[in-house]
Each structure stands twice: as C-alpha cells, then as structure tokens.
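Enquirer: Sending over structure06.pdb (PDB, C-alpha atoms).
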MODEL        1
ATOM      1  CA  MET A  29    -118.738 154.672  68.604
ATOM      2  CA  TYR A  30    -117.372 153.854  71.926
ATOM      3  CA  ILE A  31    -120.509 151.905  72.696
ATOM      4  CA  ILE A  32    -120.256 149.960  69.528
ATOM      5  CA  GLU A  33    -116.693 149.139  70.269
ATOM      6  CA  LYS A  34    -117.571 148.114  73.773
ATOM      7  CA  TYR A  35    -120.341 145.943  72.471
ATOM      8  CA  TYR A  36    -118.027 144.230  69.984
ATOM      9  CA  VAL A  37    -115.352 143.837  72.585
ATOM     10  CA  THR A  38    -117.822 142.310  75.017
ATOM     11  CA  TYR A  39    -119.326 140.162  72.329
ATOM     12  CA  THR A  40    -115.916 139.034  71.095
ATOM     13  CA  LYS A  41    -114.719 138.470  74.637
ATOM     14  CA  SER A  42    -117.684 136.262  75.436
ATOM     15  CA  LYS A  43    -117.172 134.314  72.224
ATOM     16  CA  LEU A  44    -113.477 133.938  72.936
ATOM     17  CA  GLU A  45    -114.150 132.786  76.499
ATOM     18  CA  ARG A  46    -116.648 130.241  75.259
ATOM     19  CA  LEU A  47    -114.128 129.111  72.625
ATOM     20  CA  HIS A  48    -111.486 128.935  75.334
ATOM     21  CA  LYS A  49    -113.720 126.740  77.511
ATOM     22  CA  GLU A  50    -114.489 124.468  74.585
ATOM     23  CA  ILE A  51    -110.803 124.172  73.751
ATOM     24  CA  GLU A  52    -110.016 123.376  77.401
ATOM     25  CA  LYS A  53    -112.711 120.697  77.462
ATOM     26  CA  THR A  54    -111.425 119.276  74.216
ATOM     27  CA  LEU A  55    -107.859 119.276  75.540
ATOM     28  CA  GLU A  56    -108.994 117.540  78.727
ATOM     29  CA  LYS A  57    -110.808 114.947  76.660
ATOM     30  CA  ILE A  58    -107.712 114.468  74.500
ATOM     31  CA  LEU A  59    -105.501 114.136  77.578
ATOM     32  CA  SER A  60    -107.880 111.684  79.217
ATOM     33  CA  ARG A  61    -108.112 109.648  76.021
ATOM     34  CA  GLU A  62    -104.337 109.759  75.613
ATOM     35  CA  THR A  63    -103.944 108.529  79.175
ATOM     36  CA  TYR A  64    -106.538 105.829  78.565
ATOM     37  CA  ILE A  65    -104.829 104.737  75.338
ATOM     38  CA  ASN A  66    -101.431 104.784  77.021
ATOM     39  CA  THR A  67    -102.691 102.601  79.857
ATOM     40  CA  GLN A  68    -104.487 100.258  77.461
ATOM     41  CA  PHE A  69    -101.510  99.861  75.157
ATOM     42  CA  GLU A  70     -98.712 100.223  77.715
ATOM     43  CA  SER A  71     -97.955  96.509  77.684
ATOM     44  CA  GLN A  72     -97.911  96.491  73.894
ATOM     45  CA  ILE A  73     -95.684  99.567  73.838
ATOM     46  CA  GLU A  74     -93.287  97.893  76.271
ATOM     47  CA  GLU A  75     -93.366  94.724  74.199
ATOM     48  CA  ASN A  76     -92.654  96.784  71.089
ATOM     49  CA  ARG A  77     -89.647  98.400  72.824
ATOM     50  CA  GLU A  78     -88.320  94.993  73.815
ATOM     51  CA  ILE A  79     -88.786  93.724  70.279
ATOM     52  CA  GLN A  80     -86.981  96.793  68.916
ATOM     53  CA  ASP A  81     -84.109  96.162  71.360
ATOM     54  CA  GLN A  82     -83.952  92.522  70.315
ATOM     55  CA  LEU A  83     -84.047  93.569  66.682
ATOM     56  CA  SER A  84     -81.083  95.910  67.138
ATOM     57  CA  ILE A  85     -79.168  93.145  68.968
ATOM     58  CA  LEU A  86     -79.966  90.716  66.164
ATOM     59  CA  LYS A  87     -78.865  93.265  63.570
ATOM     60  CA  GLN A  88     -75.535  93.638  65.379
ATOM     61  CA  LYS A  89     -75.135  89.851  65.552
ATOM     62  CA  TYR A  90     -76.013  89.621  61.871
ATOM     63  CA  MET A  91     -73.374  92.214  60.960
ATOM     64  CA  SER A  92     -70.797  90.422  63.099
ATOM     65  CA  SER A  93     -71.730  87.030  61.661
ATOM     66  CA  SER A  94     -71.699  88.432  58.146
ATOM     67  CA  ALA A  95     -68.173  89.773  58.659
ATOM     68  CA  ASN A  96     -67.157  86.415  60.131
ATOM     69  CA  VAL A  97     -68.668  84.586  57.139
ATOM     70  CA  ASN A  98     -66.727  86.856  54.779
ATOM     71  CA  ASP A  99     -63.486  86.137  56.650
ATOM     72  CA  LEU A 100     -64.166  82.403  56.631
ATOM     73  CA  THR A 101     -65.030  82.535  52.931
ATOM     74  CA  ASN A 102     -61.723  84.260  52.213
ATOM     75  CA  GLN A 103     -59.890  81.648  54.300
ATOM     76  CA  LEU A 104     -61.710  78.852  52.467
ATOM     77  CA  SER A 105     -60.747  80.369  49.138
ATOM     78  CA  GLN A 106     -57.085  80.584  50.193
ATOM     79  CA  ILE A 107     -57.110  77.028  51.557
ATOM     80  CA  SER A 108     -58.761  75.745  48.366
ATOM     81  CA  GLU A 109     -56.093  77.453  46.285
ATOM     82  CA  ASP A 110     -53.345  75.955  48.469
ATOM     83  CA  LEU A 111     -54.990  72.530  48.193
ATOM     84  CA  ASP A 112     -55.089  72.797  44.403
ATOM     85  CA  ASN A 113     -51.384  73.700  44.372
ATOM     86  CA  VAL A 114     -50.553  70.728  46.607
ATOM     87  CA  LYS A 115     -52.624  68.423  44.381
ATOM     88  CA  LEU A 116     -50.711  69.645  41.335
ATOM     89  CA  MET A 117     -47.397  69.053  43.091
ATOM     90  CA  ILE A 118     -48.482  65.553  44.138
ATOM     91  CA  ASP A 119     -49.648  64.762  40.603
ATOM     92  CA  GLU A 120     -46.357  65.995  39.138
ATOM     93  CA  PHE A 121     -44.389  64.016  41.707
ATOM     94  CA  GLY A 122     -46.561  60.942  41.142
ATOM     95  CA  ASN A 123     -46.130  61.201  37.387
ATOM     96  CA  GLY A 124     -42.388  61.443  37.885
ATOM     97  CA  MET A 125     -42.473  58.374  40.098
ATOM     98  CA  THR A 126     -44.491  56.294  37.638
ATOM     99  CA  ASP A 127     -42.631  57.523  34.579
ATOM    100  CA  SER A 128     -40.029  54.818  33.836
ATOM    101  CA  LYS A 129     -38.257  56.813  31.140
ATOM    102  CA  PRO A 130     -35.657  58.354  33.497
ATOM    103  CA  LEU A 131     -34.994  54.927  35.018
ATOM    104  CA  ALA A 132     -34.557  53.387  31.563
ATOM    105  CA  GLU A 133     -32.167  56.186  30.608
ATOM    106  CA  ILE A 134     -30.154  55.563  33.773
ATOM    107  CA  LYS A 135     -29.985  51.822  33.008
ATOM    108  CA  GLN A 136     -28.862  52.530  29.431
ATOM    109  CA  SER A 137     -26.213  54.919  30.712
ATOM    110  CA  ASN A 138     -25.073  52.279  33.189
ATOM    111  CA  VAL A 139     -24.754  49.667  30.401
ATOM    112  CA  ARG A 140     -22.831  52.161  28.237
ATOM    113  CA  LEU A 141     -20.494  52.969  31.135
ATOM    114  CA  LYS A 142     -19.855  49.246  31.763
ATOM    115  CA  ASN A 143     -19.064  48.730  28.061
ATOM    116  CA  GLU A 144     -16.742  51.730  28.071
ATOM    117  CA  ILE A 145     -15.015  50.388  31.207
ATOM    118  CA  LYS A 146     -14.518  46.998  29.480
ATOM    119  CA  GLN A 147     -13.103  48.770  26.406
ATOM    120  CA  MET A 148     -10.779  50.859  28.585
ATOM    121  CA  ASN A 149      -9.631  47.767  30.527
ATOM    122  CA  LEU A 150      -8.921  46.005  27.235
ATOM    123  CA  ARG A 151      -6.954  48.995  25.925
ATOM    124  CA  ILE A 152      -5.077  49.261  29.213
ATOM    125  CA  GLY A 153      -4.210  45.541  28.957
ATOM    126  CA  VAL A 154      -2.998  45.938  25.370
ATOM    127  CA  ILE A 155      -0.933  48.993  26.302
ATOM    128  CA  GLU A 156       0.548  47.185  29.338
ATOM    129  CA  HIS A 157       1.428  44.201  27.150
ATOM    130  CA  THR A 158       2.988  46.466  24.526
ATOM    131  CA  LEU A 159       4.931  48.345  27.199
ATOM    132  CA  LEU A 160       6.136  45.144  28.834
ATOM    133  CA  SER A 161       7.121  43.761  25.449
ATOM    134  CA  ALA A 162       9.034  46.930  24.636
ATOM    135  CA  LYS A 163      10.783  46.819  28.005
ATOM    136  CA  MET A 164      11.780  43.225  27.441
ATOM    137  CA  LYS A 165      13.103  43.964  23.952
ATOM    138  CA  THR A 166      14.997  46.959  25.273
ATOM    139  CA  LYS A 167      16.480  44.831  28.042
ATOM    140  CA  ALA A 168      17.389  42.104  25.579
ATOM    141  CA  LEU A 169      19.056  44.563  23.234
ATOM    142  CA  SER A 170      20.953  46.186  26.045
ATOM    143  CA  ASP A 171      22.077  42.770  27.334
ATOM    144  CA  PHE A 172      23.005  41.709  23.818
ATOM    145  CA  ASN A 173      25.042  44.835  23.292
ATOM    146  CA  ALA A 174      26.606  44.489  26.723
ATOM    147  CA  TYR A 175      28.152  41.142  25.895
ATOM    148  CA  GLY A 176      29.653  42.646  22.831
ATOM    149  CA  ASN A 177      31.382  40.183  20.519
ATOM    150  CA  ASN A 178      31.280  37.261  22.899
ATOM    151  CA  GLU A 179      29.595  34.700  20.681
ATOM    152  CA  SER A 180      29.312  31.987  23.270
ATOM    153  CA  LEU A 181      27.322  34.198  25.620
ATOM    154  CA  LYS A 182      25.188  35.516  22.816
ATOM    155  CA  SER A 183      24.140  32.032  21.936
ATOM    156  CA  GLN A 184      23.148  31.359  25.540
ATOM    157  CA  MET A 185      20.733  34.304  25.602
ATOM    158  CA  THR A 186      17.187  33.164  25.467
ATOM    159  CA  TYR A 187      15.624  36.483  24.763
ATOM    160  CA  ASP A 188      13.413  36.893  21.809
ATOM    161  CA  ILE A 189      14.564  40.093  20.188
ATOM    162  CA  ILE A 190      11.955  40.205  17.588
TER     163      ILE A 190
ENDMDL
END
Can you present the structure in this file as structure tokens?

Expert:
Amino acid sequence: MYIIEKYYVTYTKSKLERLHKEIEKTLEKILSRETYINTQFESQIEENREIQDQLSILKQKYMSSSANVNDLTNQLSQISEDLDNVKLMIDEFGNGMTDSKPLAEIKQSNVRLKNEIKQMNLRIGVIEHTLLSAKMKTKALSDFNAYGNNESLKSQMTYDII
C-alpha cells in the first residue's frame, strides 16, 4: 500500500507541478497582456480621468448655478410682487387724481359756506341795526324823561321815539 500511495503522490505531484507551470504561464501571459493593454490605452485612460475631473467640476458649477438661479427666481418673484403693489398704488392714486367728484364736492361746500357767510353778515347787520335803534330809543327816552315837564325843551328834541 505504501507503494501505491507513493505512486499516487508522485503522480499527483507531477500533475500539480504541470498545472502549476501552466498557471504560471497563463498568469505571465495575463500580466503581459494587461501591461500591453495598459500601455495601449494609457492615453485614453488619462483622457477619461481628465474628462471625469471636468465632469465633477461641471457638476459642482451646475449645482452652484442652480442654487443661484433659485435665489434669483425668488428675488424676481419678490420684485414682481412689489412692482404689482406699486402699480396698484399708482392706479389708485391716478384714479383719485382724475376723479373730479371730490373737487366738485369741495366747490359745492365752498359755495355753501359763502352763502352762509352772506346770510350771517345780513343777520349781523340786522341785529346791529336793531341794537343801534334800541340804543337810540333808550337814549331818547332817557333824555325825554330827564327834561321832565319842561315842554319847551321837549318840543326841541328831534328824536324819533317810535
């Protein structure tokens, strides 16, 4: 049995060594082909790296620009809203300026006030006349009573007592 084992060990060893050599040759071929491919495509690999770098830079710029566009859009929206408010205020102010109704009301009030002033001046004049008349009558009566029974003086008085 020892011989059989030795035979199988030797046989297996030789097969394994041959397999080992074949694997080494295959690995060498793979390495040489890998080296060949790397040298052949090195410029393309480098170009691909550069393109990837440029792509990442462009992505960053895109993100930054996108954020900037969003900010500017928000600002535009706010400015548009403010502009609409200003337009409304201008329209309201313009309508108030072209609306002649308040001016007509002011003119009517002015005419009414002038008429009332005329009426008041007339009343004041009547009251002053009445007051002056009353004062004169009072003065005449007091003068008349002051002269008492003196008929000659009473006849000389020119006051109108009525």

Enquirer: Would you mind reading off the distance between atom CA of A:Thr54 and atom CA of A:Ser42, one decimal, in Å?

Expert: 18.1 Å

Enquirer: Could you tell me how far atom CA of A:Arg77 lies from atom CA of A:Asn96, in Å and to one decimal?

Expert: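 So the answer is 28.5 Å.
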
Enquirer: Report the distance between atom CA of A:Glu74 and atom CA of A:Tyr90 in Å, rounded to one decimal place.

Expert: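 Between these atoms lies a distance of 24.0 Å.
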
Enquirer: Using the incomplete input, complete stretch 42-77 of chain A to the level of N, CA and C atoms; output as a CSV table (one decimal), in the frame of the given file.

Expert:
chain,number,residue,atom,x,y,z
A,42,SER,N,-116.8,137.4,75.0
A,42,SER,CA,-117.7,136.3,75.4
A,42,SER,C,-117.5,135.1,74.5
A,43,LYS,N,-117.4,135.4,73.2
A,43,LYS,CA,-117.2,134.3,72.2
A,43,LYS,C,-115.8,133.7,72.4
A,44,LEU,N,-114.8,134.5,72.7
A,44,LEU,CA,-113.5,133.9,72.9
A,44,LEU,C,-113.4,133.1,74.2
A,45,GLU,N,-114.1,133.5,75.3
A,45,GLU,CA,-114.2,132.8,76.5
A,45,GLU,C,-114.8,131.5,76.3
A,46,ARG,N,-115.9,131.5,75.6
A,46,ARG,CA,-116.6,130.2,75.3
A,46,ARG,C,-115.7,129.3,74.4
A,47,LEU,N,-115.1,129.9,73.4
A,47,LEU,CA,-114.1,129.1,72.6
A,47,LEU,C,-113.0,128.6,73.5
A,48,HIS,N,-112.5,129.4,74.4
A,48,HIS,CA,-111.5,128.9,75.3
A,48,HIS,C,-111.9,127.7,76.2
A,49,LYS,N,-113.2,127.8,76.7
A,49,LYS,CA,-113.7,126.7,77.5
A,49,LYS,C,-113.9,125.5,76.7
A,50,GLU,N,-114.3,125.6,75.5
A,50,GLU,CA,-114.5,124.5,74.6
A,50,GLU,C,-113.1,123.8,74.3
A,51,ILE,N,-112.2,124.7,74.0
A,51,ILE,CA,-110.8,124.2,73.8
A,51,ILE,C,-110.2,123.5,75.0
A,52,GLU,N,-110.5,124.0,76.2
A,52,GLU,CA,-110.0,123.4,77.4
A,52,GLU,C,-110.7,122.0,77.6
A,53,LYS,N,-112.0,122.0,77.3
A,53,LYS,CA,-112.7,120.7,77.5
A,53,LYS,C,-112.2,119.7,76.5
A,54,THR,N,-111.9,120.2,75.3
A,54,THR,CA,-111.4,119.3,74.2
A,54,THR,C,-110.0,118.8,74.6
A,55,LEU,N,-109.2,119.7,75.1
A,55,LEU,CA,-107.9,119.3,75.5
A,55,LEU,C,-107.9,118.3,76.7
A,56,GLU,N,-108.8,118.5,77.6
A,56,GLU,CA,-109.0,117.5,78.7
A,56,GLU,C,-109.4,116.2,78.2
A,57,LYS,N,-110.4,116.2,77.3
A,57,LYS,CA,-110.8,114.9,76.7
A,57,LYS,C,-109.6,114.2,75.9
A,58,ILE,N,-108.9,115.0,75.2
A,58,ILE,CA,-107.7,114.5,74.5
A,58,ILE,C,-106.7,113.9,75.5
A,59,LEU,N,-106.4,114.6,76.6
A,59,LEU,CA,-105.5,114.1,77.6
A,59,LEU,C,-106.0,112.9,78.2
A,60,SER,N,-107.3,112.9,78.6
A,60,SER,CA,-107.9,111.7,79.2
A,60,SER,C,-107.9,110.5,78.3
A,61,ARG,N,-108.2,110.7,77.0
A,61,ARG,CA,-108.1,109.6,76.0
A,61,ARG,C,-106.7,109.2,75.8
A,62,GLU,N,-105.8,110.1,75.8
A,62,GLU,CA,-104.3,109.8,75.6
A,62,GLU,C,-103.9,108.9,76.8
A,63,THR,N,-104.3,109.3,78.0
A,63,THR,CA,-103.9,108.5,79.2
A,63,THR,C,-104.6,107.1,79.1
A,64,TYR,N,-105.8,107.1,78.7
A,64,TYR,CA,-106.5,105.8,78.6
A,64,TYR,C,-105.8,104.9,77.5
A,65,ILE,N,-105.5,105.5,76.4
A,65,ILE,CA,-104.8,104.7,75.3
A,65,ILE,C,-103.5,104.3,75.8
A,66,ASN,N,-102.8,105.2,76.5
A,66,ASN,CA,-101.4,104.8,77.0
A,66,ASN,C,-101.5,103.6,78.0
A,67,THR,N,-102.5,103.7,78.9
A,67,THR,CA,-102.7,102.6,79.9
A,67,THR,C,-103.1,101.3,79.2
A,68,GLN,N,-104.0,101.4,78.2
A,68,GLN,CA,-104.5,100.3,77.5
A,68,GLN,C,-103.4,99.6,76.7
A,69,PHE,N,-102.5,100.4,76.1
A,69,PHE,CA,-101.5,99.9,75.2
A,69,PHE,C,-100.1,99.9,75.8
A,70,GLU,N,-100.0,100.1,77.1
A,70,GLU,CA,-98.7,100.2,77.7
A,70,GLU,C,-97.9,98.9,77.6
A,71,SER,N,-98.6,97.8,77.8
A,71,SER,CA,-98.0,96.5,77.7
A,71,SER,C,-97.5,96.3,76.2
A,72,GLN,N,-98.3,96.7,75.3
A,72,GLN,CA,-97.9,96.5,73.9
A,72,GLN,C,-96.8,97.4,73.5
A,73,ILE,N,-96.8,98.6,74.1
A,73,ILE,CA,-95.7,99.6,73.8
A,73,ILE,C,-94.4,99.0,74.4
A,74,GLU,N,-94.5,98.5,75.6
A,74,GLU,CA,-93.3,97.9,76.3
A,74,GLU,C,-92.8,96.7,75.5
A,75,GLU,N,-93.7,95.9,75.0
A,75,GLU,CA,-93.4,94.7,74.2
A,75,GLU,C,-92.7,95.2,72.9
A,76,ASN,N,-93.2,96.2,72.3
A,76,ASN,CA,-92.7,96.8,71.1
A,76,ASN,C,-91.2,97.3,71.3
A,77,ARG,N,-91.0,97.9,72.5
A,77,ARG,CA,-89.6,98.4,72.8
A,77,ARG,C,-88.7,97.2,73.0
